[in-house]
>>> print(open('start-v8.json').read())   # JSON, C-alpha atoms
[["chain", "number", "residue", "atom", "x", "y", "z"],
["A", 1, "MET", "CA", 69.50, 27.03, 140.63],
["A", 2, "ASN", "CA", 66.75, 26.95, 138.01],
["A", 3, "ILE", "CA", 67.96, 28.49, 134.71],
["A", 4, "THR", "CA", 64.96, 29.38, 132.57],
["A", 5, "ALA", "CA", 64.73, 29.51, 128.78],
["A", 6, "ALA", "CA", 64.16, 33.24, 129.11],
["A", 7, "ASP", "CA", 67.44, 33.59, 131.01],
["A", 8, "VAL", "CA", 69.29, 31.64, 128.34],
["A", 9, "ASN", "CA", 67.74, 33.69, 125.56],
["A", 10, "LYS", "CA", 68.60, 36.94, 127.37],
["A", 11, "LEU", "CA", 72.29, 35.93, 127.60],
["A", 12, "ARG", "CA", 72.22, 34.82, 123.97],
["A", 13, "GLN", "CA", 70.89, 38.25, 122.95],
["A", 14, "MET", "CA", 73.62, 39.91, 125.03],
["A", 15, "THR", "CA", 76.51, 37.87, 123.65],
["A", 16, "GLY", "CA", 75.45, 36.13, 120.44],
["A", 17, "ALA", "CA", 76.74, 32.82, 121.84],
["A", 18, "GLY", "CA", 74.94, 29.52, 121.19],
["A", 19, "MET", "CA", 72.00, 28.43, 123.35],
["A", 20, "MET", "CA", 73.82, 25.47, 124.94],
["A", 21, "ASP", "CA", 76.92, 27.57, 125.65],
["A", 22, "CYS", "CA", 74.72, 30.23, 127.30],
["A", 23, "LYS", "CA", 72.90, 27.66, 129.44],
["A", 24, "LYS", "CA", 76.22, 26.10, 130.51],
["A", 25, "ALA", "CA", 77.69, 29.51, 131.36],
["A", 26, "LEU", "CA", 74.64, 30.58, 133.38],
["A", 27, "THR", "CA", 74.64, 27.30, 135.27],
["A", 28, "GLU", "CA", 78.33, 27.65, 136.11],
["A", 29, "ALA", "CA", 77.76, 31.29, 137.13],
["A", 30, "GLU", "CA", 74.73, 30.33, 139.26],
["A", 31, "GLY", "CA", 72.51, 32.73, 137.33],
["A", 32, "ASP", "CA", 74.83, 35.75, 137.55],
["A", 33, "PHE", "CA", 74.74, 37.32, 134.07],
["A", 34, "ASP", "CA", 77.98, 39.30, 134.47],
["A", 35, "LYS", "CA", 79.84, 36.18, 135.53],
["A", 36, "ALA", "CA", 78.24, 34.21, 132.68],
["A", 37, "VAL", "CA", 79.44, 36.78, 130.15],
["A", 38, "GLU", "CA", 82.96, 36.54, 131.59],
["A", 39, "ILE", "CA", 82.84, 32.73, 131.37],
["A", 40, "LEU", "CA", 81.91, 32.97, 127.68],
["A", 41, "ARG", "CA", 84.76, 35.41, 127.05],
["A", 42, "LYS", "CA", 87.24, 33.07, 128.73],
["A", 43, "ALA", "CA", 85.90, 30.25, 126.59],
["A", 44, "GLY", "CA", 86.85, 32.36, 123.57],
["A", 45, "GLN", "CA", 90.35, 32.81, 124.96],
["A", 46, "LYS", "CA", 90.71, 29.04, 125.37],
["A", 47, "VAL", "CA", 89.63, 28.41, 121.77],
["A", 48, "ALA", "CA", 92.03, 31.12, 120.58],
["A", 49, "ALA", "CA", 94.93, 29.49, 122.43],
["A", 50, "LYS", "CA", 94.13, 26.03, 121.04],
["A", 51, "ARG", "CA", 93.90, 27.29, 117.45],
["A", 52, "ALA", "CA", 96.77, 29.78, 117.57],
["A", 53, "ASP", "CA", 98.83, 27.86, 115.00],
["A", 54, "ASN", "CA", 95.98, 27.25, 112.55],
["A", 55, "VAL", "CA", 96.19, 28.72, 109.05],
["A", 56, "THR", "CA", 93.87, 31.64, 108.27],
["A", 57, "ALA", "CA", 93.56, 31.59, 104.48],
["A", 58, "GLU", "CA", 90.01, 32.97, 104.22],
["A", 59, "GLY", "CA", 88.39, 36.23, 105.25],
["A", 60, "VAL", "CA", 87.72, 39.69, 103.92],
["A", 61, "VAL", "CA", 89.73, 42.75, 102.90],
["A", 62, "LEU", "CA", 87.93, 46.06, 103.47],
["A", 63, "ILE", "CA", 88.90, 49.58, 102.40],
["A", 64, "ASP", "CA", 87.70, 53.01, 103.52],
["A", 65, "VAL", "CA", 88.72, 56.10, 101.55],
["A", 66, "SER", "CA", 87.84, 59.48, 103.08],
["A", 67, "ASP", "CA", 85.44, 61.83, 101.30],
["A", 68, "SER", "CA", 88.38, 64.10, 100.50],
["A", 69, "GLY", "CA", 90.24, 61.19, 98.92],
["A", 70, "LYS", "CA", 93.37, 62.18, 100.85],
["A", 71, "THR", "CA", 93.41, 59.39, 103.44],
["A", 72, "ALA", "CA", 92.47, 55.73, 103.37],
["A", 73, "LYS", "CA", 92.62, 52.65, 105.53],
["A", 74, "ILE", "CA", 92.77, 48.99, 104.56],
["A", 75, "LEU", "CA", 91.99, 46.00, 106.79],
["A", 76, "ALA", "CA", 92.48, 42.27, 106.30],
["A", 77, "PHE", "CA", 90.37, 40.25, 108.76],
["A", 78, "ALA", "CA", 91.07, 36.54, 108.37],
["A", 79, "CYS", "CA", 89.52, 33.25, 109.45],
["A", 80, "GLU", "CA", 90.13, 29.57, 108.75],
["A", 81, "THR", "CA", 87.26, 28.59, 106.44],
["A", 82, "GLU", "CA", 85.24, 30.13, 103.63],
["A", 83, "PRO", "CA", 81.81, 29.56, 105.27],
["A", 84, "VAL", "CA", 82.86, 31.64, 108.30],
["A", 85, "ALA", "CA", 84.12, 34.40, 105.99],
["A", 86, "LYS", "CA", 80.56, 34.68, 104.64],
["A", 87, "VAL", "CA", 78.82, 34.83, 108.01],
["A", 88, "ASP", "CA", 77.11, 38.20, 108.59],
["A", 89, "SER", "CA", 78.43, 38.56, 112.13],
["A", 90, "PHE", "CA", 82.02, 38.04, 110.92],
["A", 91, "ARG", "CA", 81.67, 40.68, 108.20],
["A", 92, "THR", "CA", 79.87, 43.07, 110.53],
["A", 93, "LEU", "CA", 82.69, 42.83, 113.06],
["A", 94, "ALA", "CA", 85.27, 43.39, 110.29],
["A", 95, "ASN", "CA", 83.46, 46.55, 109.20],
["A", 96, "ASP", "CA", 83.04, 47.77, 112.79],
["A", 97, "ILE", "CA", 86.78, 47.33, 113.34],
["A", 98, "LEU", "CA", 87.64, 49.26, 110.20],
["A", 99, "GLN", "CA", 85.24, 52.08, 111.06],
["A", 100, "ALA", "CA", 86.74, 52.32, 114.55],
["A", 101, "GLY", "CA", 90.13, 52.76, 112.89],
["A", 102, "VAL", "CA", 88.71, 55.50, 110.67],
["A", 103, "LYS", "CA", 86.96, 57.28, 113.54],
["A", 104, "HIS", "CA", 90.01, 57.29, 115.80],
["A", 105, "HIS", "CA", 92.60, 57.77, 113.03],
["A", 106, "ALA", "CA", 94.44, 54.57, 113.99],
["A", 107, "LYS", "CA", 97.59, 54.00, 111.95],
["A", 108, "ASP", "CA", 98.69, 50.55, 113.12],
["A", 109, "VAL", "CA", 97.31, 47.23, 114.36],
["A", 110, "ALA", "CA", 98.45, 47.73, 117.96],
["A", 111, "THR", "CA", 96.44, 50.96, 118.24],
["A", 112, "LEU", "CA", 93.48, 49.43, 116.44],
["A", 113, "MET", "CA", 93.27, 46.44, 118.80],
["A", 114, "GLY", "CA", 92.92, 48.74, 121.82],
["A", 115, "LEU", "CA", 90.07, 50.83, 120.41],
["A", 116, "SER", "CA", 86.56, 50.49, 121.83],
["A", 117, "LEU", "CA", 83.62, 49.49, 119.66],
["A", 118, "SER", "CA", 80.01, 50.55, 120.19],
["A", 119, "ASP", "CA", 79.50, 47.98, 122.98],
["A", 120, "GLY", "CA", 82.29, 49.59, 125.02],
["A", 121, "ARG", "CA", 84.62, 46.63, 124.69],
["A", 122, "THR", "CA", 87.89, 46.72, 122.75],
["A", 123, "VAL", "CA", 88.48, 45.33, 119.29],
["A", 124, "GLU", "CA", 90.64, 42.62, 120.85],
["A", 125, "GLU", "CA", 87.89, 41.62, 123.29],
["A", 126, "ASN", "CA", 85.30, 41.48, 120.51],
["A", 127, "ILE", "CA", 87.53, 39.28, 118.36],
["A", 128, "THR", "CA", 88.20, 36.92, 121.28],
["A", 129, "GLU", "CA", 84.49, 36.64, 122.03],
["A", 130, "MET", "CA", 83.67, 35.83, 118.40],
["A", 131, "ILE", "CA", 86.39, 33.17, 118.36],
["A", 132, "GLY", "CA", 84.50, 31.51, 121.22],
["A", 133, "LYS", "CA", 81.21, 31.68, 119.31],
["A", 134, "ILE", "CA", 82.52, 30.51, 115.94],
["A", 135, "GLY", "CA", 85.23, 28.13, 117.11],
["A", 136, "GLU", "CA", 87.82, 29.30, 114.57],
["A", 137, "LYS", "CA", 90.96, 31.37, 114.72],
["A", 138, "LEU", "CA", 90.19, 34.98, 113.73],
["A", 139, "VAL", "CA", 92.97, 37.53, 113.25],
["A", 140, "ILE", "CA", 93.71, 40.94, 111.79],
["A", 141, "THR", "CA", 96.48, 39.95, 109.39],
["A", 142, "GLU", "CA", 97.09, 43.46, 108.07],
["A", 143, "TYR", "CA", 95.96, 47.02, 108.67],
["A", 144, "ALA", "CA", 97.41, 50.15, 107.13],
["A", 145, "HIS", "CA", 96.85, 53.89, 106.86],
["A", 146, "VAL", "CA", 97.75, 55.68, 103.61],
["A", 147, "GLU", "CA", 97.81, 59.44, 103.12],
["A", 148, "ALA", "CA", 98.53, 61.59, 100.03],
["A", 149, "GLU", "CA", 97.09, 64.29, 97.75],
["A", 150, "GLN", "CA", 94.85, 61.57, 96.35],
["A", 151, "VAL", "CA", 94.49, 57.92, 97.33],
["A", 152, "VAL", "CA", 93.01, 55.51, 94.79],
["A", 153, "SER", "CA", 91.72, 52.09, 95.83],
["A", 154, "TYR", "CA", 90.93, 48.77, 94.21],
["A", 155, "THR", "CA", 89.18, 45.73, 95.67],
["A", 156, "HIS", "CA", 89.25, 42.44, 93.78],
["A", 157, "SER", "CA", 85.95, 40.65, 93.16],
["A", 158, "THR", "CA", 86.94, 37.85, 95.57],
["A", 159, "GLY", "CA", 86.94, 40.34, 98.45],
["A", 160, "LYS", "CA", 90.27, 38.88, 99.60],
["A", 161, "LEU", "CA", 92.59, 41.33, 97.84],
["A", 162, "GLY", "CA", 92.77, 45.11, 98.09],
["A", 163, "VAL", "CA", 95.14, 47.87, 96.96],
["A", 164, "LEU", "CA", 95.73, 51.49, 97.96],
["A", 165, "VAL", "CA", 97.88, 53.81, 95.85],
["A", 166, "ALA", "CA", 99.04, 57.23, 97.09],
["A", 167, "PHE", "CA", 99.52, 59.91, 94.42],
["A", 168, "ASP", "CA", 101.24, 63.28, 94.86],
["A", 169, "ASN", "CA", 102.08, 66.28, 92.64],
["A", 170, "ILE", "CA", 98.75, 65.91, 90.83],
["A", 171, "GLN", "CA", 98.52, 69.60, 89.86],
["A", 172, "GLY", "CA", 94.77, 69.46, 89.28],
["A", 173, "ALA", "CA", 94.87, 66.60, 86.76],
["A", 174, "ASP", "CA", 92.17, 63.94, 86.60],
["A", 175, "ILE", "CA", 94.09, 60.81, 87.57],
["A", 176, "GLU", "CA", 91.17, 58.50, 88.39],
["A", 177, "GLU", "CA", 91.60, 56.27, 85.33],
["A", 178, "THR", "CA", 95.36, 56.06, 85.67],
["A", 179, "GLY", "CA", 94.98, 55.46, 89.40],
["A", 180, "LYS", "CA", 92.67, 52.51, 88.84],
["A", 181, "ASP", "CA", 94.98, 51.10, 86.16],
["A", 182, "VAL", "CA", 97.97, 51.33, 88.49],
["A", 183, "ALA", "CA", 96.02, 49.80, 91.39],
["A", 184, "MET", "CA", 94.98, 46.86, 89.19],
["A", 185, "GLN", "CA", 98.58, 46.51, 88.00],
["A", 186, "ILE", "CA", 99.71, 46.21, 91.63],
["A", 187, "ALA", "CA", 97.00, 43.63, 92.32],
["A", 188, "ALA", "CA", 98.02, 41.49, 89.34],
["A", 189, "MET", "CA", 101.80, 41.94, 89.21],
["A", 190, "LYS", "CA", 102.63, 41.96, 92.95],
["A", 191, "PRO", "CA", 105.54, 44.46, 92.95],
["A", 192, "VAL", "CA", 107.86, 44.10, 95.95],
["A", 193, "GLY", "CA", 108.74, 47.81, 95.99],
["A", 194, "LEU", "CA", 108.06, 51.17, 94.37],
["A", 195, "ASP", "CA", 111.56, 51.45, 92.87],
["A", 196, "LYS", "CA", 114.79, 49.48, 93.23],
["A", 197, "ASP", "CA", 115.91, 51.51, 96.25],
["A", 198, "ASP", "CA", 112.75, 50.46, 98.10],
["A", 199, "VAL", "CA", 113.34, 46.70, 97.83],
["A", 200, "ASP", "CA", 114.20, 44.93, 101.09],
["A", 201, "PRO", "CA", 117.99, 44.34, 101.15],
["A", 202, "ALA", "CA", 117.34, 40.75, 102.22],
["A", 203, "ILE", "CA", 115.37, 40.16, 99.01],
["A", 204, "VAL", "CA", 118.16, 41.75, 96.94],
["A", 205, "GLN", "CA", 120.80, 39.56, 98.57],
["A", 206, "LYS", "CA", 118.69, 36.45, 98.00],
["A", 207, "GLU", "CA", 118.29, 37.30, 94.29],
["A", 208, "ILE", "CA", 122.05, 37.79, 93.94],
["A", 209, "GLU", "CA", 122.70, 34.42, 95.59],
["A", 210, "ILE", "CA", 120.15, 32.72, 93.32],
["A", 211, "GLY", "CA", 121.70, 34.37, 90.25],
["A", 212, "MET", "CA", 125.16, 33.18, 91.24],
["A", 213, "ASP", "CA", 123.96, 29.63, 91.93],
["A", 214, "VAL", "CA", 122.22, 29.41, 88.55],
["A", 215, "ALA", "CA", 125.30, 30.72, 86.74],
["A", 216, "ARG", "CA", 127.49, 28.26, 88.64],
["A", 217, "GLN", "CA", 125.25, 25.35, 87.66],
["A", 218, "GLU", "CA", 125.48, 26.52, 84.04],
["A", 219, "GLY", "CA", 129.24, 26.14, 84.27],
["A", 220, "LYS", "CA", 130.13, 29.83, 84.17],
["A", 221, "PRO", "CA", 133.61, 30.82, 85.51],
["A", 222, "GLU", "CA", 133.64, 31.58, 89.25],
["A", 223, "ALA", "CA", 135.12, 35.02, 88.61],
["A", 224, "MET", "CA", 132.12, 35.94, 86.44],
["A", 225, "LEU", "CA", 129.38, 34.78, 88.79],
["A", 226, "GLU", "CA", 128.77, 38.07, 90.62],
["A", 227, "LYS", "CA", 128.71, 40.10, 87.39],
["A", 228, "ILE", "CA", 126.20, 37.67, 85.87],
["A", 229, "ALA", "CA", 124.07, 37.79, 89.03],
["A", 230, "MET", "CA", 124.02, 41.61, 88.98],
["A", 231, "GLY", "CA", 122.78, 41.47, 85.39],
["A", 232, "LYS", "CA", 119.96, 39.19, 86.47],
["A", 233, "LEU", "CA", 119.22, 41.58, 89.33],
["A", 234, "GLY", "CA", 118.52, 44.34, 86.80],
["A", 235, "LYS", "CA", 115.90, 42.11, 85.20],
["A", 236, "PHE", "CA", 114.45, 41.40, 88.65],
["A", 237, "TYR", "CA", 114.05, 45.13, 89.31],
["A", 238, "LYS", "CA", 112.33, 45.62, 85.95],
["A", 239, "GLU", "CA", 109.85, 42.86, 86.63],
["A", 240, "ASN", "CA", 109.24, 43.39, 90.35],
["A", 241, "THR", "CA", 109.41, 47.13, 91.13],
["A", 242, "LEU", "CA", 106.30, 49.10, 90.27],
["A", 243, "LEU", "CA", 107.79, 52.11, 88.48],
["A", 244, "ASN", "CA", 109.97, 49.90, 86.29],
["A", 245, "GLN", "CA", 107.32, 47.33, 85.38],
["A", 246, "GLU", "CA", 105.81, 47.32, 81.92],
["A", 247, "PHE", "CA", 102.26, 48.68, 81.97],
["A", 248, "VAL", "CA", 100.01, 45.63, 81.45],
["A", 249, "LYS", "CA", 97.66, 47.56, 79.16],
["A", 250, "ASP", "CA", 100.48, 48.96, 76.99],
["A", 251, "SER", "CA", 103.85, 47.20, 77.10],
["A", 252, "SER", "CA", 105.52, 50.12, 75.32],
["A", 253, "LEU", "CA", 105.24, 52.08, 78.58],
["A", 254, "THR", "CA", 106.64, 51.53, 82.04],
["A", 255, "ILE", "CA", 104.51, 52.65, 84.99],
["A", 256, "ALA", "CA", 106.90, 55.60, 85.46],
["A", 257, "GLN", "CA", 106.27, 56.63, 81.85],
["A", 258, "LEU", "CA", 102.52, 56.19, 82.27],
["A", 259, "LEU", "CA", 102.58, 58.62, 85.19],
["A", 260, "GLU", "CA", 104.55, 61.17, 83.19],
["A", 261, "LYS", "CA", 102.17, 60.77, 80.24],
["A", 262, "THR", "CA", 99.15, 61.31, 82.52],
["A", 263, "GLN", "CA", 100.56, 64.43, 84.20],
["A", 264, "LYS", "CA", 104.10, 65.74, 84.09],
["A", 265, "GLY", "CA", 105.69, 65.25, 87.49],
["A", 266, "LEU", "CA", 102.93, 62.93, 88.78],
["A", 267, "LYS", "CA", 104.33, 60.75, 91.58],
["A", 268, "ILE", "CA", 103.37, 57.65, 93.51],
["A", 269, "SER", "CA", 104.55, 58.17, 97.07],
["A", 270, "SER", "CA", 103.53, 54.74, 98.32],
["A", 271, "PHE", "CA", 101.26, 51.78, 97.75],
["A", 272, "LYS", "CA", 99.79, 48.99, 99.85],
["A", 273, "ARG", "CA", 98.75, 45.58, 98.55],
["A", 274, "VAL", "CA", 96.88, 43.38, 101.04],
["A", 275, "GLN", "CA", 95.81, 39.82, 100.34],
["A", 276, "ILE", "CA", 94.36, 36.97, 102.36],
["A", 277, "GLY", "CA", 95.37, 33.46, 101.35]]
>>> encode(input="start-v8.json", output="structure tokens")
Amino acid sequence: MNITAADVNKLRQMTGAGMMDCKKALTEAEGDFDKAVEILRKAGQKVAAKRADNVTAEGVVLIDVSDSGKTAKILAFACETEPVAKVDSFRTLANDILQAGVKHHAKDVATLMGLSLSDGRTVEENITEMIGKIGEKLVITEYAHVEAEQVVSYTHSTGKLGVLVAFDNIQGADIEETGKDVAMQIAAMKPVGLDKDDVDPAIVQKEIEIGMDVARQEGKPEAMLEKIAMGKLGKFYKENTLLNQEFVKDSSLTIAQLLEKTQKGLKISSFKRVQIG
């Protein structure tokens, strides 16, 4: 069958795939456009399977905060290389995915992947198709929904790091400045939990084991090892839980004290730090 340049260009406009890929797909499909589109999608699935174990250390983190400031969503859409992360089609798809999550109030990745975009196909199908076009592994590494009286966001200049902080018990106070300061603190200091009770028990146990091993190597008596490790754990909580961290702009205050200074009773109910790479 004769495949014309016009046919190839039409399929390219429909799918965004390369000219040679479109010509090959149309030839294999004997000119049937629907079959050609399906062939291109399957090609994307094959690329995805081959590159499943590849590292995705580049990409973009996007945030959407509602007009009311009470809800927000954060998305990390990752790829393998920096040039791909800068491609317009990659960034457009990332934004389309996030906006689908906003529109349909999706709260987790599984729900998000099943949502339909403007072309009628799901998020998952669109990602697979773009993998076929670009030839790299593409993946949603994180997606989260945050809800509170007021959600404050921060996006780092690299575009690969974003933070959401949920504040409650605001009582009409202007917390924008404090909110930004706390969000930047989270970005820089990487807290593992809001307070000590929020830290993953596995992390706590690991810190205790490390503390005991260090004390043992220092020649401390075996009977004292656990007590020494628990002392080190207190320091770990101070350095790695948000409310107990020293405020980077004023080391005389902890974050908990900063909140109280801003507005008596002001609370952080949750936070989300998302980073690619």
>>> atom_distance(input="start-v8.json", atom1="CA of Asp168 (chain A)", atom2="CA of Gln150 (chain A)")
6.8 Å
>>> atom_distance(input="start-v8.json", atom1="CA of Ala76 (chain A)", atom2="CA of Leu62 (chain A)")
6.6 Å
>>> closest_residue(input="start-v8.json", among="A:Val60, A:Val65, A:Thr141, A:Ala183", to="Met113 (chain A)", atoms="only C-alpha atoms")
A:Thr141
>>> residues_around(input="start-v8.json", residues="region 23-27 of chain A", least_positions_apart="3", cutoff="10 Å", atoms="only C-alpha atoms", output="list in words")
Met1, Asn2, Ile3, Thr4, Ala5, Asp7, Val8, Asn9, Leu11, Arg12, Ala17, Gly18, Met19, Met20, Glu30, Gly31, Asp32, Phe33, Asp34, Lys35, Ala36, Val37, Glu38, Ile39, Leu40 and Ala43 of chain A
>>> write_last_selection(input="start-v8.json", atoms="C-alpha atoms", output="mmCIF file, in the frame of the given file")
data_model
loop_
_atom_site.group_PDB
_atom_site.id
_atom_site.type_symbol
_atom_site.label_atom_id
_atom_site.label_comp_id
_atom_site.auth_asym_id
_atom_site.auth_seq_id
_atom_site.Cartn_x
_atom_site.Cartn_y
_atom_site.Cartn_z
ATOM 1 C CA MET A 1 69.500 27.030 140.630
ATOM 2 C CA ASN A 2 66.750 26.950 138.010
ATOM 3 C CA ILE A 3 67.960 28.490 134.710
ATOM 4 C CA THR A 4 64.960 29.380 132.570
ATOM 5 C CA ALA A 5 64.730 29.510 128.780
ATOM 6 C CA ASP A 7 67.440 33.590 131.010
ATOM 7 C CA VAL A 8 69.290 31.640 128.340
ATOM 8 C CA ASN A 9 67.740 33.690 125.560
ATOM 9 C CA LEU A 11 72.290 35.930 127.600
ATOM 10 C CA ARG A 12 72.220 34.820 123.970
ATOM 11 C CA ALA A 17 76.740 32.820 121.840
ATOM 12 C CA GLY A 18 74.940 29.520 121.190
ATOM 13 C CA MET A 19 72.000 28.430 123.350
ATOM 14 C CA MET A 20 73.820 25.470 124.940
ATOM 15 C CA GLU A 30 74.730 30.330 139.260
ATOM 16 C CA GLY A 31 72.510 32.730 137.330
ATOM 17 C CA ASP A 32 74.830 35.750 137.550
ATOM 18 C CA PHE A 33 74.740 37.320 134.070
ATOM 19 C CA ASP A 34 77.980 39.300 134.470
ATOM 20 C CA LYS A 35 79.840 36.180 135.530
ATOM 21 C CA ALA A 36 78.240 34.210 132.680
ATOM 22 C CA VAL A 37 79.440 36.780 130.150
ATOM 23 C CA GLU A 38 82.960 36.540 131.590
ATOM 24 C CA ILE A 39 82.840 32.730 131.370
ATOM 25 C CA LEU A 40 81.910 32.970 127.680
ATOM 26 C CA ALA A 43 85.900 30.250 126.590
#
>>> closest_residue(input="start-v8.json", among="A:Lys267, A:Arg216, A:Lys272, A:Lys42", to="Glu129 (chain A)", atoms="all atoms listed in the file")
A:Lys42
>>> atom_distance(input="start-v8.json", atom1="CA of Ser269 (chain A)", atom2="CA of Ile97 (chain A)")
26.4 Å
>>> closest_residue(input="start-v8.json", among="A:Leu258, A:Leu164, A:Arg41, A:Ala52", to="Ile74 (chain A)", atoms="only C-alpha atoms")
A:Leu164
>>> closest_residue(input="start-v8.json", among="A:Leu242, A:Val182, A:Ala229, A:Ile63", to="Val199 (chain A)", atoms="all atoms listed in the file")
A:Leu242
>>> closest_residue(input="start-v8.json", among="A:Thr81, A:Thr262, A:Thr71, A:Gln275", to="Glu136 (chain A)", atoms="all atoms listed in the file")
A:Thr81
>>> closest_residue(input="start-v8.json", among="A:Leu225, A:Val61, A:Ala166, A:Leu112", to="Glu125 (chain A)", atoms="only C-alpha atoms")
A:Leu112
>>> residues_around(input="start-v8.json", residues="Ala72 (chain A)", least_positions_apart="6", cutoff="10 Å", atoms="all atoms listed in the file", output="ChimeraX atom specification")
/A:63-66,102,105,144-148,150-153,164-166
>>> residues_near_point(input="start-v8.json", point="(123.2, 36.1, 93.9)", cutoff="9 Å", atoms="all atoms listed in the file", output="PyMOL selection string")
chain A and resi 204-214+225-226+228-230+232-233
>>> axis_aligned_box(input="start-v8.json", around="region 230-237 of chain A", padding_each_side="6 Å", output="JSON")
{"center_x": 119.0, "center_y": 42.2, "center_z": 87.3, "size_x": 22.0, "size_y": 17.9, "size_z": 16.1}
